[in-house]
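**Q** This is the structure I want to talk about, given as structure tokens.
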2 protein chains.
Amino acid sequence: MKKRMTWVVVVAVVGVLTGAAFAQFAKTEDAIKYRQSVMFLVGQHYSRMGAVVKGEQPYNKEALEKNAILVESLYRLPLEAFMTPGSDKGSGMKADALAQKDKFSQMHKTTEAELAKLAAVAKGGDLNAIKSQFGAAGASCKACHDAYRNK
Amino acid sequence: MKKRMTWVVVVAVVGVLTGAAFAQFAKTEDAIKYRQSVMFLVGQHYSRMGAVVKGEQPYNKEALEKNAILVESLYRLPLEAFMTPGSDKGSGMKADALAQKDKFSQMHKTTEAELAKLAAVAKGGDLNAIKSQFGAAGASCKACHDAYRNK
């Protein structure tokens with residue numbers, strides 16, 4: 001398969017607003033759609049790595065690294081959207097997520113850290129280390145889904 | 001309003017695959033959902049800049065720059081999703097987009113360039129220049145929507 005790749009490096013500055021009553025969403029539905037959009041993209045790029053980890057796709061360092069960095073970057077965006085009051089209604093998120101804001105936020109931060117590690121090992125290029133950290137990050141995702149996502 | 005901001009700088013490496021028959025989407029619906037997710041996020045962050053440009057929100061250099069960089073970065077992702085065969089069906093995209101692949105791609109690249117300029121002027125911090133480039137980028141968005149999005 002012949003293909004030409006052009007890599008463009010961009011810097012995404014991600015701000016985390018903490019402890020602020022700073023409404024970024026015009027409607028609660030926007031907050032839900034925002035986090036669902038992010039999580040869909042996270043899922044897509046995480047699955048692309050999963051296909052390599054499972055041996056379904058050949059390992060390409062640049063492609064895997066790109067996916068790992070994208071997942072890490074995207075995942076930094078939606079915490080505020082998750083924590084928007086009333087946004088459990090009409091969504092797959094349990095009311096517990098809002099009732100246990102600190103615990104939810106802590107789990108989100110833990111996953112952020114796992115995804116940052118995944119991006120780091122992806123940069124390193126050791127496939128065994130990548131597989132191991134892919135599993136660790138996935139476990140972190142699953143813990144939060146089990147706790148706060150409706151079945 | 002008291003708030004604490006922690007800025008985290010992450011580097012997103014975005015790869016552009018050109019001229020390759022490299023299927024990234026398991027289903028056509030995934031391609032549609034992928035681009036819709038990206039475009040929703042682009043719209044959200046573009047609107048946040050719009051509120052400043054229209055004077056509805058105070059100008060904060062860091063916040064506006066963050067939004068401009070996010071929009072630029074996100075917009076680099078969905079071209080392949082737009083160009084997925086059959087993905088006009090069941091979506092808001094006209095069949096013309098796929099029939100006129102080169103023209104569509106060129107318009108996408110033009111908007112990419114306008115958004116890169118917007119990120120650059122946002123970094124510069126001259127609000128008048130930002131307003132002007134916000135308008136130019138918006139015109140580029142509109143041209144493509146007029147041509148290829150169903151009313």
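Residue numbering restarts at 1 for every chain of the structure tokens, chains are lettered A, B, ... in their displayed order, and ligands are numbered from 1 as they appear.
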In chain A, what's helix (DSSP H, G or I) per DSSP? Answer as a VMD selection string?
**A** chain A and resid 28 to 53 61 to 75 79 to 82 96 to 99 101 to 124 127 to 148
**Q** List the spatial neighbours of Met107 in chain B as a list of chain:residue names - criterion: any atom at most 8 Å away, only C-alpha atoms, same-chain residues fewer than 3 positions off excluded.
**A**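 Near Met107 in chain B, the qualifying residues are B:Lys103, B:Phe104, B:Thr110, B:Thr111, B:Ser140, B:Cys144.
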**Q** Restricting the calculation to only C-alpha atoms: of B:Gln36, B:Thr28, B:Ser105, B:Asn150, which residue gets closest to chain A?
**A**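 That would be B:Gln36, the residue with the smallest distance to chain A.
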**Q** Measure the distance from CA of Gly55 in chain B to CA of Lys142 in chain B in Å and round it to one decimal.
**A**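 Between CA of Gly55 in chain B and CA of Lys142 in chain B the gap works out to 21.5 Å.
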**Q** Just asking: which residues within range 1-142 of chain B are strand (DSSP E or B) according to DSSP, as a PyMOL selection string?
**A** chain B and resi 4-18+93
**Q** Please identify all polymer residues within 12 Å of Asn60 in chain A, counting only C-alpha atoms, omitting same-chain residues fewer than 3 positions from it, and present them as a ChimeraX atom specification.
**A** /A:48-49,51-53,55,57,63-67,122-123,125-127
**Q** Can you tell me, as a list in words, what residues are no more than 7 Å from range 72-74 of chain B when counting only C-alpha atoms, ignoring any on the same chain fewer than 3 positions away?
**A**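 In the requested form, the answer reads Val10 and Ala12 of chain A; Val38, Val42, Ala68, Ile69, Leu77, Glu112, Leu115, Ala116 and Ala119 of chain B.
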**Q** Those same residues - N, CA, C and O atoms - I'd like them written as an mmCIF file, in the first residue's frame.
**A**
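Okay, this is what ended up in again_13.cif:
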data_model
loop_
_atom_site.group_PDB
_atom_site.id
_atom_site.type_symbol
_atom_site.label_atom_id
_atom_site.label_comp_id
_atom_site.auth_asym_id
_atom_site.auth_seq_id
_atom_site.Cartn_x
_atom_site.Cartn_y
_atom_site.Cartn_z
ATOM 1 N N VAL A 10 0.870 20.350 15.853
ATOM 2 C CA VAL A 10 0.213 21.535 16.385
ATOM 3 C C VAL A 10 0.236 21.491 17.906
ATOM 4 O O VAL A 10 0.314 20.423 18.500
ATOM 5 N N ALA A 12 -1.735 22.227 21.222
ATOM 6 C CA ALA A 12 -3.054 22.520 21.782
ATOM 7 C C ALA A 12 -2.895 22.940 23.237
ATOM 8 O O ALA A 12 -2.321 22.221 24.038
ATOM 9 N N VAL B 38 -16.481 16.144 15.676
ATOM 10 C CA VAL B 38 -15.452 17.172 15.531
ATOM 11 C C VAL B 38 -16.100 18.525 15.253
ATOM 12 O O VAL B 38 -15.764 19.525 15.891
ATOM 13 N N VAL B 42 -15.816 22.007 17.227
ATOM 14 C CA VAL B 42 -15.327 23.197 16.532
ATOM 15 C C VAL B 42 -16.334 24.338 16.702
ATOM 16 O O VAL B 42 -15.972 25.465 17.045
ATOM 17 N N ALA B 68 -8.864 29.296 19.907
ATOM 18 C CA ALA B 68 -8.382 29.364 18.513
ATOM 19 C C ALA B 68 -7.503 28.163 18.188
ATOM 20 O O ALA B 68 -7.610 27.578 17.102
ATOM 21 N N ILE B 69 -6.653 27.774 19.118
ATOM 22 C CA ILE B 69 -5.750 26.633 18.873
ATOM 23 C C ILE B 69 -6.548 25.332 18.847
ATOM 24 O O ILE B 69 -6.299 24.454 18.023
ATOM 25 N N LEU B 77 -8.689 17.204 11.815
ATOM 26 C CA LEU B 77 -8.985 15.776 11.945
ATOM 27 C C LEU B 77 -9.969 15.183 10.922
ATOM 28 O O LEU B 77 -9.803 14.036 10.525
ATOM 29 N N GLU B 112 -8.591 25.473 6.788
ATOM 30 C CA GLU B 112 -7.469 25.145 7.686
ATOM 31 C C GLU B 112 -6.488 26.311 7.778
ATOM 32 O O GLU B 112 -6.048 26.684 8.867
ATOM 33 N N LEU B 115 -7.942 29.213 9.715
ATOM 34 C CA LEU B 115 -7.971 28.933 11.154
ATOM 35 C C LEU B 115 -6.566 28.992 11.753
ATOM 36 O O LEU B 115 -6.390 29.395 12.915
ATOM 37 N N ALA B 116 -5.582 28.613 10.958
ATOM 38 C CA ALA B 116 -4.196 28.734 11.425
ATOM 39 C C ALA B 116 -3.837 30.207 11.608
ATOM 40 O O ALA B 116 -3.181 30.586 12.580
ATOM 41 N N ALA B 119 -5.434 31.432 14.797
ATOM 42 C CA ALA B 119 -4.652 31.039 15.973
ATOM 43 C C ALA B 119 -3.429 31.944 16.127
ATOM 44 O O ALA B 119 -3.053 32.324 17.248
#
**Q** Counting only C-alpha atoms, which of A:Glu56, A:Gly92, A:Ser37, A:Glu29 gets nearest to chain B?
**A**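 Checking each of A:Glu56, A:Gly92, A:Ser37, A:Glu29 against chain B, counting only C-alpha atoms, the winner is A:Ser37.
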